[in-house]
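Okay, target-v2.cif now, which holds mmCIF, C-alpha atoms, pLDDT in the B column; chains and numbers go by the auth columns:
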```
data_run
loop_
_atom_site.group_PDB
_atom_site.id
_atom_site.type_symbol
_atom_site.label_atom_id
_atom_site.label_comp_id
_atom_site.label_asym_id
_atom_site.label_seq_id
_atom_site.Cartn_x
_atom_site.Cartn_y
_atom_site.Cartn_z
_atom_site.B_iso_or_equiv
_atom_site.auth_seq_id
_atom_site.auth_asym_id
ATOM 1 C CA MET A 1 79.828 89.087 140.518 42.00 12 V
ATOM 2 C CA THR A 2 83.181 90.312 139.234 56.00 13 V
ATOM 3 C CA GLY A 3 82.839 92.041 135.871 66.00 14 V
ATOM 4 C CA ARG A 4 85.258 92.262 133.017 74.00 15 V
ATOM 5 C CA THR A 5 88.315 94.489 133.034 85.00 16 V
ATOM 6 C CA SER A 6 88.082 96.739 129.995 91.00 17 V
ATOM 7 C CA VAL A 7 91.047 97.405 127.704 95.00 18 V
ATOM 8 C CA ILE A 8 90.645 100.583 125.641 97.00 19 V
ATOM 9 C CA ILE A 9 93.091 101.132 122.792 98.00 20 V
ATOM 10 C CA GLY A 10 93.502 104.425 120.949 98.00 21 V
ATOM 11 C CA ILE A 11 94.724 104.607 117.363 98.00 22 V
ATOM 12 C CA SER A 12 95.136 108.240 116.409 97.00 23 V
ATOM 13 C CA GLY A 13 97.250 110.101 113.904 96.00 24 V
ATOM 14 C CA VAL A 14 97.232 112.553 111.058 93.00 25 V
ATOM 15 C CA THR A 15 94.655 112.272 108.307 93.00 26 V
ATOM 16 C CA ASN A 16 95.213 109.334 105.927 95.00 27 V
ATOM 17 C CA SER A 17 97.908 107.823 108.125 95.00 28 V
ATOM 18 C CA GLY A 18 96.269 104.385 107.983 94.00 29 V
ATOM 19 C CA LYS A 19 94.182 104.454 111.165 96.00 30 V
ATOM 20 C CA THR A 20 91.053 102.802 109.769 95.00 31 V
ATOM 21 C CA SER A 21 92.786 100.122 107.716 94.00 32 V
ATOM 22 C CA LEU A 22 95.023 99.234 110.654 96.00 33 V
ATOM 23 C CA THR A 23 92.052 99.059 112.992 97.00 34 V
ATOM 24 C CA ASN A 24 90.316 96.643 110.630 96.00 35 V
ATOM 25 C CA LYS A 25 93.433 94.488 110.370 96.00 36 V
ATOM 26 C CA ILE A 26 93.909 94.417 114.131 97.00 37 V
ATOM 27 C CA ARG A 27 90.261 93.532 114.687 95.00 38 V
ATOM 28 C CA ALA A 28 90.712 90.451 112.517 94.00 39 V
ATOM 29 C CA HIS A 29 93.348 89.232 114.988 94.00 40 V
ATOM 30 C CA LEU A 30 91.230 89.887 118.079 94.00 41 V
ATOM 31 C CA PRO A 31 87.942 87.946 117.839 90.00 42 V
ATOM 32 C CA GLY A 32 85.075 89.661 119.605 91.00 43 V
ATOM 33 C CA CYS A 33 86.725 93.036 120.108 94.00 44 V
ATOM 34 C CA HIS A 34 84.746 96.246 119.607 96.00 45 V
ATOM 35 C CA THR A 35 85.541 99.419 117.666 97.00 46 V
ATOM 36 C CA ILE A 36 84.442 103.050 117.670 97.00 47 V
ATOM 37 C CA CYS A 37 85.387 105.542 114.953 97.00 48 V
ATOM 38 C CA GLN A 38 85.630 109.247 115.745 97.00 49 V
ATOM 39 C CA ASP A 39 84.470 110.102 112.228 95.00 50 V
ATOM 40 C CA SER A 40 81.020 108.832 113.202 96.00 51 V
ATOM 41 C CA TYR A 41 80.587 111.863 115.445 97.00 52 V
ATOM 42 C CA PHE A 42 81.027 114.653 112.893 96.00 53 V
ATOM 43 C CA LEU A 43 78.335 117.309 113.198 96.00 54 V
ATOM 44 C CA PRO A 44 76.343 118.355 110.107 94.00 55 V
ATOM 45 C CA ALA A 45 77.420 121.535 108.326 92.00 56 V
ATOM 46 C CA SER A 46 74.155 123.134 109.435 93.00 57 V
ATOM 47 C CA ASP A 47 75.227 122.929 113.080 95.00 58 V
ATOM 48 C CA SER A 48 76.343 126.302 114.442 95.00 59 V
ATOM 49 C CA ARG A 49 79.395 124.704 116.058 95.00 60 V
ATOM 50 C CA VAL A 50 80.890 123.902 112.640 96.00 61 V
ATOM 51 C CA ALA A 51 82.854 126.925 111.463 96.00 62 V
ATOM 52 C CA HIS A 52 82.327 128.125 107.910 95.00 63 V
ATOM 53 C CA ILE A 53 85.371 129.241 105.909 96.00 64 V
ATOM 54 C CA PRO A 54 84.192 132.025 103.568 95.00 65 V
ATOM 55 C CA GLU A 55 87.443 132.245 101.624 95.00 66 V
ATOM 56 C CA LEU A 56 87.202 128.571 100.624 95.00 67 V
ATOM 57 C CA ASN A 57 83.422 128.193 100.728 91.00 68 V
ATOM 58 C CA ASN A 58 83.941 125.185 102.933 93.00 69 V
ATOM 59 C CA TYR A 59 83.670 124.115 106.576 95.00 70 V
ATOM 60 C CA ASN A 60 86.421 123.426 109.076 96.00 71 V
ATOM 61 C CA TYR A 61 86.129 119.772 110.012 95.00 72 V
ATOM 62 C CA GLU A 62 89.665 119.536 111.421 95.00 73 V
ATOM 63 C CA VAL A 63 88.851 120.761 114.943 96.00 74 V
ATOM 64 C CA LEU A 64 87.057 119.273 117.941 95.00 75 V
ATOM 65 C CA ASN A 65 84.188 121.757 117.649 95.00 76 V
ATOM 66 C CA ALA A 66 83.150 119.961 114.466 96.00 77 V
ATOM 67 C CA LEU A 67 82.487 116.772 116.420 97.00 78 V
ATOM 68 C CA ASN A 68 80.006 115.734 119.066 98.00 79 V
ATOM 69 C CA MET A 69 82.689 114.639 121.487 97.00 80 V
ATOM 70 C CA GLU A 70 80.300 114.479 124.427 97.00 81 V
ATOM 71 C CA ALA A 71 78.271 111.803 122.620 98.00 82 V
ATOM 72 C CA MET A 72 81.452 109.926 121.784 98.00 83 V
ATOM 73 C CA VAL A 73 82.606 109.895 125.412 98.00 84 V
ATOM 74 C CA ALA A 74 79.123 108.825 126.518 98.00 85 V
ATOM 75 C CA ASP A 75 79.257 105.840 124.149 98.00 86 V
ATOM 76 C CA VAL A 76 82.692 104.815 125.427 97.00 87 V
ATOM 77 C CA LEU A 77 81.577 105.061 129.054 96.00 88 V
ATOM 78 C CA SER A 78 78.420 103.093 128.261 96.00 89 V
ATOM 79 C CA TRP A 79 80.523 100.314 126.746 95.00 90 V
ATOM 80 C CA LYS A 80 82.883 100.372 129.719 93.00 91 V
ATOM 81 C CA ASP A 81 80.002 100.165 132.191 92.00 92 V
ATOM 82 C CA ALA A 82 78.550 97.229 130.272 91.00 93 V
ATOM 83 C CA GLN A 83 81.887 95.422 130.603 89.00 94 V
ATOM 84 C CA SER A 84 82.053 95.967 134.347 85.00 95 V
ATOM 85 C CA ASN A 85 78.574 94.447 134.674 83.00 96 V
ATOM 86 C CA SER A 86 79.232 91.455 132.406 78.00 97 V
ATOM 87 C CA THR A 87 80.240 87.973 133.385 72.00 98 V
ATOM 88 C CA PRO A 88 83.977 87.211 133.297 68.00 99 V
ATOM 89 C CA LEU A 89 85.457 86.352 129.929 65.00 100 V
ATOM 90 C CA GLY A 90 85.060 82.856 128.617 58.00 101 V
ATOM 91 C CA SER A 91 87.499 80.834 126.547 55.00 102 V
ATOM 92 C CA THR A 92 85.601 80.706 123.259 61.00 103 V
ATOM 93 C CA PRO A 93 87.243 82.488 120.287 57.00 104 V
ATOM 94 C CA ASN A 94 84.484 85.091 120.000 61.00 105 V
ATOM 95 C CA ASP A 95 84.756 85.959 123.687 70.00 106 V
ATOM 96 C CA MET A 96 88.528 86.158 124.117 76.00 107 V
ATOM 97 C CA TYR A 97 88.764 89.869 123.330 92.00 108 V
ATOM 98 C CA SER A 98 85.247 91.073 123.866 89.00 109 V
ATOM 99 C CA ASN A 99 86.577 93.301 126.663 92.00 110 V
ATOM 100 C CA VAL A 100 88.782 95.170 124.157 95.00 111 V
ATOM 101 C CA LEU A 101 87.618 98.432 122.602 97.00 112 V
ATOM 102 C CA ILE A 102 89.639 100.036 119.807 98.00 113 V
ATOM 103 C CA ILE A 103 88.908 103.720 119.241 98.00 114 V
ATOM 104 C CA GLU A 104 90.324 105.341 116.139 97.00 115 V
ATOM 105 C CA GLY A 105 90.279 108.981 115.212 96.00 116 V
ATOM 106 C CA PHE A 106 92.307 111.941 114.051 94.00 117 V
ATOM 107 C CA ARG A 107 92.004 114.212 117.107 94.00 118 V
ATOM 108 C CA MET A 108 91.117 112.196 120.178 94.00 119 V
ATOM 109 C CA TYR A 109 93.898 112.781 122.672 96.00 120 V
ATOM 110 C CA ALA A 110 93.296 116.528 122.921 93.00 121 V
ATOM 111 C CA PHE A 111 89.877 115.894 124.486 95.00 122 V
ATOM 112 C CA ARG A 112 90.617 115.286 128.142 93.00 123 V
ATOM 113 C CA ASP A 113 87.417 113.425 129.033 96.00 124 V
ATOM 114 C CA LEU A 114 88.269 110.831 126.391 96.00 125 V
ATOM 115 C CA GLU A 115 92.061 110.871 126.619 95.00 126 V
ATOM 116 C CA GLN A 116 92.057 109.712 130.223 94.00 127 V
ATOM 117 C CA LEU A 117 90.066 106.565 129.395 96.00 128 V
ATOM 118 C CA PHE A 118 92.691 104.878 127.226 97.00 129 V
ATOM 119 C CA THR A 119 94.686 101.893 128.397 96.00 130 V
ATOM 120 C CA LYS A 120 97.140 102.353 125.524 97.00 131 V
ATOM 121 C CA LYS A 121 97.554 105.180 123.015 98.00 132 V
ATOM 122 C CA PHE A 122 99.116 104.841 119.562 98.00 133 V
ATOM 123 C CA PHE A 123 99.734 107.728 117.155 97.00 134 V
ATOM 124 C CA LEU A 124 100.552 107.271 113.477 97.00 135 V
ATOM 125 C CA THR A 125 102.738 109.798 111.688 96.00 136 V
ATOM 126 C CA ILE A 126 103.367 110.289 107.969 96.00 137 V
ATOM 127 C CA PRO A 127 105.295 112.935 106.011 96.00 138 V
ATOM 128 C CA TYR A 128 103.530 115.917 104.451 97.00 139 V
ATOM 129 C CA VAL A 129 103.997 114.729 100.855 97.00 140 V
ATOM 130 C CA VAL A 130 102.597 111.276 101.618 96.00 141 V
ATOM 131 C CA CYS A 131 99.656 112.729 103.513 96.00 142 V
ATOM 132 C CA LYS A 132 98.790 115.118 100.683 95.00 143 V
ATOM 133 C CA ALA A 133 99.032 112.403 98.025 95.00 144 V
ATOM 134 C CA ARG A 134 96.795 110.030 99.995 94.00 145 V
ATOM 135 C CA ARG A 135 94.302 112.773 100.736 93.00 146 V
ATOM 136 C CA ARG A 136 93.932 113.537 97.025 92.00 147 V
ATOM 137 C CA ARG A 137 92.959 109.936 96.309 91.00 148 V
ATOM 138 C CA ARG A 138 90.063 109.944 98.765 88.00 149 V
ATOM 139 C CA ARG A 139 86.585 111.432 98.483 85.00 150 V
ATOM 140 C CA TYR A 140 85.157 113.579 101.240 82.00 151 V
ATOM 141 C CA TYR A 141 81.806 115.189 101.915 80.00 152 V
ATOM 142 C CA PRO A 142 81.890 118.082 101.696 79.00 153 V
ATOM 143 C CA PRO A 143 84.763 117.670 99.209 87.00 154 V
ATOM 144 C CA ASP A 144 88.103 119.361 99.808 91.00 155 V
ATOM 145 C CA THR A 145 88.247 122.699 98.033 93.00 156 V
ATOM 146 C CA PRO A 146 91.558 124.056 96.656 94.00 157 V
ATOM 147 C CA GLY A 147 93.712 125.208 99.538 96.00 158 V
ATOM 148 C CA TYR A 148 91.790 123.367 102.267 96.00 159 V
ATOM 149 C CA PHE A 149 94.523 120.791 102.850 96.00 160 V
ATOM 150 C CA GLU A 150 97.349 123.340 102.932 96.00 161 V
ATOM 151 C CA LYS A 151 95.526 125.913 105.083 96.00 162 V
ATOM 152 C CA PHE A 152 93.538 123.716 107.455 96.00 163 V
ATOM 153 C CA VAL A 153 94.085 119.946 107.270 96.00 164 V
ATOM 154 C CA TRP A 154 97.853 119.811 107.656 97.00 165 V
ATOM 155 C CA PRO A 155 98.248 122.820 110.021 96.00 166 V
ATOM 156 C CA GLU A 156 95.577 121.448 112.354 95.00 167 V
ATOM 157 C CA SER A 157 97.315 118.050 112.348 95.00 168 V
ATOM 158 C CA ILE A 158 100.543 119.705 113.460 94.00 169 V
ATOM 159 C CA LEU A 159 98.691 121.747 116.080 94.00 170 V
ATOM 160 C CA HIS A 160 97.138 118.586 117.491 94.00 171 V
ATOM 161 C CA GLN A 161 100.572 117.003 117.886 95.00 172 V
ATOM 162 C CA ARG A 162 101.732 120.064 119.766 95.00 173 V
ATOM 163 C CA GLU A 163 98.675 119.927 122.006 94.00 174 V
ATOM 164 C CA ILE A 164 99.451 116.371 123.076 96.00 175 V
ATOM 165 C CA GLN A 165 103.249 116.503 123.201 95.00 176 V
ATOM 166 C CA ASP A 166 103.222 116.468 127.014 95.00 177 V
ATOM 167 C CA GLN A 167 101.417 113.090 127.080 96.00 178 V
ATOM 168 C CA ASP A 168 104.352 110.768 127.610 95.00 179 V
ATOM 169 C CA ASP A 169 102.216 107.632 127.365 95.00 180 V
ATOM 170 C CA ILE A 170 101.657 107.953 123.608 97.00 181 V
ATOM 171 C CA GLU A 171 103.593 105.550 121.384 97.00 182 V
ATOM 172 C CA TYR A 172 104.404 107.151 118.032 97.00 183 V
ATOM 173 C CA LEU A 173 104.609 104.865 115.002 96.00 184 V
ATOM 174 C CA GLU A 174 105.367 105.511 111.350 94.00 185 V
ATOM 175 C CA GLY A 175 102.290 105.109 109.167 93.00 186 V
ATOM 176 C CA VAL A 176 104.318 104.314 106.057 93.00 187 V
ATOM 177 C CA GLY A 177 105.952 101.029 105.189 85.00 188 V
ATOM 178 C CA ASP A 178 104.825 97.487 105.897 92.00 189 V
ATOM 179 C CA GLN A 179 101.353 97.780 107.410 93.00 190 V
ATOM 180 C CA GLU A 180 101.116 94.047 108.099 94.00 191 V
ATOM 181 C CA LYS A 181 104.264 94.215 110.220 95.00 192 V
ATOM 182 C CA LEU A 182 102.935 97.262 112.043 96.00 193 V
ATOM 183 C CA CYS A 183 99.620 95.507 112.625 97.00 194 V
ATOM 184 C CA LEU A 184 101.286 92.460 114.187 96.00 195 V
ATOM 185 C CA LYS A 185 103.398 94.666 116.449 96.00 196 V
ATOM 186 C CA MET A 186 100.294 96.461 117.727 97.00 197 V
ATOM 187 C CA VAL A 187 98.374 93.194 118.124 97.00 198 V
ATOM 188 C CA CYS A 188 101.199 91.795 120.267 96.00 199 V
ATOM 189 C CA ASP A 189 101.123 94.905 122.439 96.00 200 V
ATOM 190 C CA ILE A 190 97.354 94.655 122.888 96.00 201 V
ATOM 191 C CA LYS A 191 97.504 90.959 123.744 93.00 202 V
ATOM 192 C CA ARG A 192 100.201 91.702 126.300 93.00 203 V
ATOM 193 C CA LEU A 193 97.960 94.310 127.906 93.00 204 V
ATOM 194 C CA CYS A 194 95.089 91.838 127.996 89.00 205 V
ATOM 195 C CA ASN A 195 97.345 89.273 129.591 85.00 206 V
ATOM 196 C CA ASP A 196 98.483 91.743 132.243 79.00 207 V
ATOM 197 C CA LYS A 197 94.923 92.737 133.101 69.00 208 V
ATOM 198 C CA ASN A 198 93.306 89.310 132.962 63.00 209 V
ATOM 199 C CA ASN A 199 96.192 86.934 133.755 53.00 210 V
ATOM 200 C CA TRP A 200 95.620 85.042 130.520 43.00 211 V
ATOM 201 C CA ASN A 201 98.211 82.838 128.907 36.00 212 V
ATOM 202 C CA ILE A 202 98.103 84.330 125.396 36.00 213 V
#
```
Show the structure stored in the file as structure tokens.
Amino acid sequence: MTGRTSVIIGISGVTNSGKTSLTNKIRAHLPGCHTICQDSYFLPASDSRVAHIPELNNYNYEVLNALNMEAMVADVLSWKDAQSNSTPLGSTPNDMYSNVLIIEGFRMYAFRDLEQLFTKKFFLTIPYVVCKARRRRRRYYPPDTPGYFEKFVWPESILHQREIQDQDDIEYLEGVGDQEKLCLKMVCDIKRLCNDKNNWNI
């Protein structure tokens, strides 16, 4: 039996760049596709791997050590293995894109074991002032303390971009502007990838 060919899409970017909302919009265009969110793998503050910041009385959740990346990779590989052991795709609407996995997260491409699994990698960028304004409108647990964004959130976002600058297969997109237009562009790219891998007429 020939299994399904998996298509794994990465949607990364700086905090509040629109990753989650775009993922939800894209999913609506791809019936049956699957999603994984990196935020689901944050470790609790009680875990020794999460660094405490005494000066801010907060924890640094902007680095990979604050996440259980091994569990995340294991879940992705489990999904991929399930695809390879599944029957070929059917033609029903809910089956058309069931071999597509969209993974969204703020710091995924710096983790080699995960980075190498992507079929296509997107990265959303937004200016500092937009990022800060959006961040202020959202609630976090633990909540941002004064200075956390300036000293940790934004600097770590810039560091991540430097860490991955040698990955020439990342497509950078602006996370401001018409999100519907951006969504349709990404959907077209994903459908094209599916067509190339499965010889569909999409």
Option closest in space to Val25 (chain V), from V:Glu167, V:Asp200, V:Asp92, V:Glu191 [counting all atoms listed in the file]: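 Ranking V:Glu167, V:Asp200, V:Asp92, V:Glu191 by distance to Val25 (chain V), first place goes to V:Glu167.
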Residue nearest Gln172 (chain V) - candidates V:Arg38, V:Ser59, V:Val141, V:Ser23, atoms counted: all atoms listed in the file: V:Ser23
Protein/DNA/RNA residues near (96.5, 91.5, 126.8), cut 12 Å, only C-alpha atoms, as a ChimeraX atom specification: /V:16-20,41,44,107-111,130-131,197-213
Expansion of the PyMOL selection byres ((chain V and resi 143) around 10) into residues, as a PyMOL selection string: chain V and resi 26-27+137-142+144-148+160-161+164-165
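Of the residues under consideration (V:Leu67, V:Leu33, V:Val74, V:Cys194), V:Val74 shows the shortest atom-to-atom contact distance to Phe53 (chain V) when counting all atoms listed in the file.
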Between CA of Tyr151 (chain V) and CA of Asn69 (chain V) - distance in Å to one decimal: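 Separation between CA of Asn69 (chain V) and CA of Tyr151 (chain V): 11.8 Å.
Using all atoms listed in the file, the shortest contact distance between Gln176 (chain V) and any of V:Thr136, V:Asp58, V:Ala121, V:Gln190 is found at V:Ala121.
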Selection as a list of chain:residue names: residues within 8 Å of (86.4, 112.8, 110.2), counting only C-alpha atoms: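 Those within range, by chain then number, are V:Gln49, V:Asp50, V:Ser51, V:Tyr52, V:Phe53, V:Tyr72, V:Glu73, V:Gly116, V:Phe117.
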Matched chain/residue IDs from the PyMOL selection byres ((chain V and resi 81) around 12), as a PyMOL selection string: chain V and resi 49+52-54+75-80+82-88+119+122-125
Go through the shown structure with the PyMOL selection byres ((chain V and resi 181) around 7) and write out the matching residues as an mmCIF file with C-alpha atoms, keeping the file's coordinate frame.
```
data_model
loop_
_atom_site.group_PDB
_atom_site.id
_atom_site.type_symbol
_atom_site.label_atom_id
_atom_site.label_comp_id
_atom_site.auth_asym_id
_atom_site.auth_seq_id
_atom_site.Cartn_x
_atom_site.Cartn_y
_atom_site.Cartn_z
ATOM 1 C CA LYS V 132 97.554 105.180 123.015
ATOM 2 C CA PHE V 133 99.116 104.841 119.562
ATOM 3 C CA PHE V 134 99.734 107.728 117.155
ATOM 4 C CA GLN V 178 101.417 113.090 127.080
ATOM 5 C CA ASP V 179 104.352 110.768 127.610
ATOM 6 C CA ASP V 180 102.216 107.632 127.365
ATOM 7 C CA GLU V 182 103.593 105.550 121.384
ATOM 8 C CA TYR V 183 104.404 107.151 118.032
#
```
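Note that CA of Leu193 (chain V) and CA of Lys36 (chain V) are 10.0 Å apart.
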Interatomic distance, CA of Lys162 (chain V) to CA of Ile175 (chain V) (Å, one decimal):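 Value for the CA of Lys162 (chain V)-CA of Ile175 (chain V) distance: 20.7 Å.
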Pick from V:Phe129, V:Tyr70, V:Tyr120, V:Trp90 nearest to Tyr152 (chain V), counting all atoms listed in the file: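 The answer is V:Tyr70, which sits nearest to Tyr152 (chain V).
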Residues near Ile47 (chain V), cut-off 7 Å, only C-alpha atoms, skip fewer than 4 positions along chain, as a list in words: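 Counting only the stated atoms, we get Ile113, Ile114 and Glu115 of chain V.
Distance annotation: of V:Ser95, V:Lys196, V:Cys48, V:Ile64, the residue with the minimal separation from Arg118 (chain V) is V:Cys48; atom set is all atoms listed in the file.
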Mind completing region 43-58 of chain V with N, CA and C atoms? Output as an mmCIF file, keeping the file's coordinate frame, please?
```
data_model
loop_
_atom_site.group_PDB
_atom_site.id
_atom_site.type_symbol
_atom_site.label_atom_id
_atom_site.label_comp_id
_atom_site.auth_asym_id
_atom_site.auth_seq_id
_atom_site.Cartn_x
_atom_site.Cartn_y
_atom_site.Cartn_z
ATOM 1 N N GLY V 43 85.998 89.152 118.607
ATOM 2 C CA GLY V 43 85.075 89.661 119.605
ATOM 3 C C GLY V 43 85.333 91.073 120.080
ATOM 4 N N CYS V 44 86.452 91.681 119.639
ATOM 5 C CA CYS V 44 86.725 93.036 120.108
ATOM 6 C C CYS V 44 85.760 94.036 119.475
ATOM 7 N N HIS V 45 85.673 95.208 120.060
ATOM 8 C CA HIS V 45 84.746 96.246 119.607
ATOM 9 C C HIS V 45 85.526 97.447 119.074
ATOM 10 N N THR V 46 84.888 98.238 118.217
ATOM 11 C CA THR V 46 85.541 99.419 117.666
ATOM 12 C C THR V 46 84.587 100.614 117.665
ATOM 13 N N ILE V 47 85.156 101.788 117.803
ATOM 14 C CA ILE V 47 84.442 103.050 117.670
ATOM 15 C C ILE V 47 85.303 103.965 116.809
ATOM 16 N N CYS V 48 84.670 104.639 115.844
ATOM 17 C CA CYS V 48 85.387 105.542 114.953
ATOM 18 C C CYS V 48 84.968 106.980 115.236
ATOM 19 N N GLN V 49 85.935 107.844 115.454
ATOM 20 C CA GLN V 49 85.630 109.247 115.745
ATOM 21 C C GLN V 49 84.884 109.923 114.600
ATOM 22 N N ASP V 50 85.140 109.499 113.381
ATOM 23 C CA ASP V 50 84.470 110.102 112.228
ATOM 24 C C ASP V 50 82.950 109.981 112.301
ATOM 25 N N SER V 51 82.468 109.028 113.078
ATOM 26 C CA SER V 51 81.020 108.832 113.202
ATOM 27 C C SER V 51 80.343 109.958 113.976
ATOM 28 N N TYR V 52 81.138 110.817 114.586
ATOM 29 C CA TYR V 52 80.587 111.863 115.445
ATOM 30 C C TYR V 52 80.709 113.264 114.840
ATOM 31 N N PHE V 53 80.988 113.349 113.547
ATOM 32 C CA PHE V 53 81.027 114.653 112.893
ATOM 33 C C PHE V 53 79.632 115.281 112.923
ATOM 34 N N LEU V 54 79.591 116.561 113.206
ATOM 35 C CA LEU V 54 78.335 117.309 113.198
ATOM 36 C C LEU V 54 77.992 117.714 111.766
ATOM 37 N N PRO V 55 76.713 117.893 111.454
ATOM 38 C CA PRO V 55 76.343 118.355 110.107
ATOM 39 C C PRO V 55 76.784 119.800 109.903
ATOM 40 N N ALA V 56 76.982 120.173 108.639
ATOM 41 C CA ALA V 56 77.420 121.535 108.326
ATOM 42 C C ALA V 56 76.431 122.583 108.824
ATOM 43 N N SER V 57 75.181 122.199 108.974
ATOM 44 C CA SER V 57 74.155 123.134 109.435
ATOM 45 C C SER V 57 74.278 123.461 110.921
ATOM 46 N N ASP V 58 75.062 122.687 111.653
ATOM 47 C CA ASP V 58 75.227 122.929 113.080
ATOM 48 C C ASP V 58 76.081 124.180 113.302
#
```
